[in-house]
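Just below is one structure, and these are the notes that go with it.
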Amino acid sequence: MKRFSVPSPLSVLSAMIIGVCVVAILWPSALTSGDPTTGVAPEHLLPPDSAHWCGTDQLGRDVLTRIIYGARETLPAALVATMTGIVLGSVIGGFAALSGPAVDMLLSGIIDVLLAIPELLLALTVVILTGFGPVHAALAVGISQTAGFARIVRNLVQTLRSQTYIEAARLSGTGFWGIVGWHILPNAFRPLLGMGILRYATAILSLATLGFLGYSAPPPTPEWGLMISEGRDYLATAWWMTTFPGLALLTVALAANRLSQAMTNVGEERP
């Protein structure tokens with residue numbers, strides 16, 4: 001008998017963190033009244049206090065305000081990257097699994113070659129070839145994740161094709177697209193969704209890395225990777241400029257990772 005487990009406190013906390021991020025993306029003014037790009041020069045490099053919970057940067061801008069508005073730059077871009085990887089990977093992987101042996105072998109070989117290249121290196125290559133900016137960075141990260149999704153979708157579809165109910169549907173007269181739409185896609189949705197959330201956390205880190213290296217949003221955009229990069233020269237005197245954006249980045253990535261695990265475990269059979 002299948003029973004749905006009660007969400008753990010850590011999963012609930014992770015969902016709350018993601019909820020706060022959604023609010024920061026849609027209504028950042030609900031969380032802060034400051035301006036993320038305009039600072040007060042006399043208040044530069046102030047340590048955390050009651051007025052500035054995360055301190056101020058070298059231009060007198062409130063770090064917490066920039067972190068909140070930075071969610072609008074980093075997190076939607078990571079979603080675009082993940083969706084790009086899912087769509088391209090699903091098309092390639094599904095086509096490989098549902099095609100003949102020759103096409104499957106060709107596409108699987110291409111996927112293996114791409115998997116042998118580190119994702120960050122591939123993303124850097126794509127963004128250098130296509131141009132800098134948040135959109136190009138998101139697409140580059142999405143392309144770098146395509147091979148991983150393609151491999152997972154291919155193996156998943158091949159496993160589903162070998163199931164008895166698929167053969168029964170075929171013998172009952174269900175056409176190719178009927179089998180794909182009514183049997184393969186619904187059964188592949190949950191594993192792919194869990195993997196997508198996990199890869200979303202990876203996309204956040206990859207985009208922050210590109211921002212840190214200067215390939216994403218330009219200054220004075222409050223992008224988390226760029227904020228960490230700008231604080232490197234002040235590590236000895238203003239540790240909060242890198243610490244708090246880094247903690248925000250790590251917290252959201254861990255929350256997404258935890259939600260991915262919870263999504264994978266939903267509906268599992270329990271004794």
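Here's how to read the names in the structure tokens: chain A, B, ... by the order shown, residue numbers from 1 in each chain, ligand numbers from 1 in the order shown.
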
**Request:** List the neighbours of stretch 225-236 of chain A out to 6 Å using only C-alpha atoms; skip same-chain residues closer than 4 positions along the sequence, and give me the result as number ranges by chain.
**Result:** A: 208-209, 211-212, 241-242

Find the nearest atom pair between each residue of stretch 216-260 of chain A and stretch 32-37 of chain A for residues within 12 Å, count only C-alpha atoms, give distances in Å to one decimal, sort rows by chain and ascending number, and present the table as a Markdown table.
```
| residue | atom | partner | partner_atom | distance |
| --- | --- | --- | --- | --- |
| A:Pro219 | CA | A:Thr37 | CA | 9.1 |
| A:Pro220 | CA | A:Thr37 | CA | 6.1 |
| A:Thr221 | CA | A:Thr37 | CA | 7.1 |
| A:Pro222 | CA | A:Pro36 | CA | 6.6 |
| A:Glu223 | CA | A:Pro36 | CA | 10.3 |
| A:Met227 | CA | A:Pro36 | CA | 11.4 |
```

**Message:** Which residues are close to A:Pro28, i.e. within 12 Å by only C-alpha atoms, leaving aside same-chain residues fewer than 5 positions away? Reply as a PyMOL selection string.
**Reply:** chain A and resi 20-23+33-36+64-73

**Message:** Could you check the closest approach to A:Glu119 for each of A:Arg258, A:Arg199, A:Arg61, A:His52 and tell me which residue wins, using only C-alpha atoms?
**Reply:** A:Arg199

Would you kindly return, as a PDB file with C-alpha atoms, in the first residue's frame, each protein, DNA or RNA residue with an atom no farther than 12 Å from any atom of A:Leu120, considering only C-alpha atoms and excluding same-chain residues fewer than 6 positions away?
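Output below, filename out_15.pdb:
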```
ATOM      1  CA  LEU A 114      29.303  16.157 -24.112  1.00  0.00           C
ATOM      2  CA  VAL A 126      29.190  28.761 -25.186  1.00  0.00           C
ATOM      3  CA  VAL A 127      28.952  32.151 -23.483  1.00  0.00           C
ATOM      4  CA  ALA A 137      24.731  33.042 -19.603  1.00  0.00           C
ATOM      5  CA  ALA A 140      24.935  28.627 -21.962  1.00  0.00           C
ATOM      6  CA  VAL A 141      24.234  26.929 -18.636  1.00  0.00           C
ATOM      7  CA  GLY A 142      21.117  25.324 -20.116  1.00  0.00           C
ATOM      8  CA  ILE A 143      23.083  23.942 -23.052  1.00  0.00           C
ATOM      9  CA  SER A 144      25.734  22.607 -20.681  1.00  0.00           C
ATOM     10  CA  GLN A 145      23.008  20.669 -18.821  1.00  0.00           C
ATOM     11  CA  THR A 202      23.328  23.417  -9.997  1.00  0.00           C
ATOM     12  CA  ALA A 203      22.235  26.098 -12.466  1.00  0.00           C
ATOM     13  CA  ILE A 204      22.151  28.688  -9.672  1.00  0.00           C
ATOM     14  CA  LEU A 205      25.748  27.894  -8.762  1.00  0.00           C
ATOM     15  CA  SER A 206      26.867  27.851 -12.407  1.00  0.00           C
ATOM     16  CA  LEU A 207      25.269  31.221 -13.144  1.00  0.00           C
ATOM     17  CA  ALA A 208      26.815  32.708 -10.012  1.00  0.00           C
ATOM     18  CA  THR A 209      30.183  31.401 -11.190  1.00  0.00           C
ATOM     19  CA  LEU A 210      29.729  33.049 -14.580  1.00  0.00           C
ATOM     20  CA  LEU A 213      33.953  35.730 -13.675  1.00  0.00           C
TER      21      LEU A 213
END
```

**Request:** Give the helix (DSSP H, G or I) residues of stretch 9-195 of chain A, as DSSP finds them on the backbone, and put them as a ChimeraX atom specification.
**Result:** /A:9-26,28-30,41-43,63-98,101-115,119-130,134-161,164-171,176-195

**Request:** Quick one: everything within 10 Å of A:Leu254, counting only C-alpha atoms, minus sequence neighbours fewer than 6 positions away in the same chain. Send it as a list in words.
**Result:**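 Residues meeting the cut-off are Ser14, Ile17, Leu198, Ala201, Thr202, Ala248 and Ser260 of chain A.
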
**Asked** Counting only C-alpha atoms, which of A:Val113, A:Met105, A:Leu156, A:Leu26 gets nearest to A:Leu192?
**Response**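 For A:Leu192, the nearest of the candidates is A:Leu156.
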
**Request:** Would you mind telling me which residue in A:Gly55, A:Gly60, A:Gly109, A:Gly39 lies nearest to A:Gly93 when using only C-alpha atoms?
**Result:**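 Result for the nearest residue to A:Gly93: A:Gly109.
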
**Asked** So, counting only C-alpha atoms, which residue among A:Trp224, A:Leu121, A:Gln261, A:Thr38 is closest to A:Leu247?
**Response**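 Checking each of A:Trp224, A:Leu121, A:Gln261, A:Thr38 against A:Leu247, counting only C-alpha atoms, the winner is A:Trp224.
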
**Asked** Skipping near chain neighbours, those fewer than 4 positions away, what residues fall within 6 Å of A:Thr56 using only C-alpha atoms, listed as a list in words?
**Response** His44, Leu45, Leu46, Gly60, Arg61, Asp62 and Val63 of chain A

Let me see the file: selected residues, C-alpha atoms, as a compact mmCIF listing (two decimals), in the first residue's frame.
```txt
# COMPACT_ATOMS: atom_id res chain seq x y z
CA HIS A 44 30.31 52.97 2.77
CA LEU A 45 31.75 49.75 4.25
CA LEU A 46 29.61 49.85 7.39
CA GLY A 60 27.37 52.77 0.56
CA ARG A 61 24.71 50.45 -0.85
CA ASP A 62 22.83 48.20 1.54
CA VAL A 63 24.04 44.63 1.01
```

**Request:** Would you list the contacts of A:Ala77 as a ChimeraX atom specification, taking every protein, DNA or RNA residue within 8 Å and counting only C-alpha atoms, but skipping same-chain residues closer than 3 positions in sequence?
**Result:** /A:73-74,80-81,134-135,138,207

**Prompt:** Please, what distance in Å, to one decimal, runs between atom CA of A:Ala238 and atom CA of A:Ala41?
**Reply:** 15.4 Å

**Item:** Selected residue of minimal separation from A:Pro42 among A:Ile111, A:Gln58, A:Asn257, A:Ile92, counting only C-alpha atoms
**Value:**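 Nearest to A:Pro42: A:Gln58.
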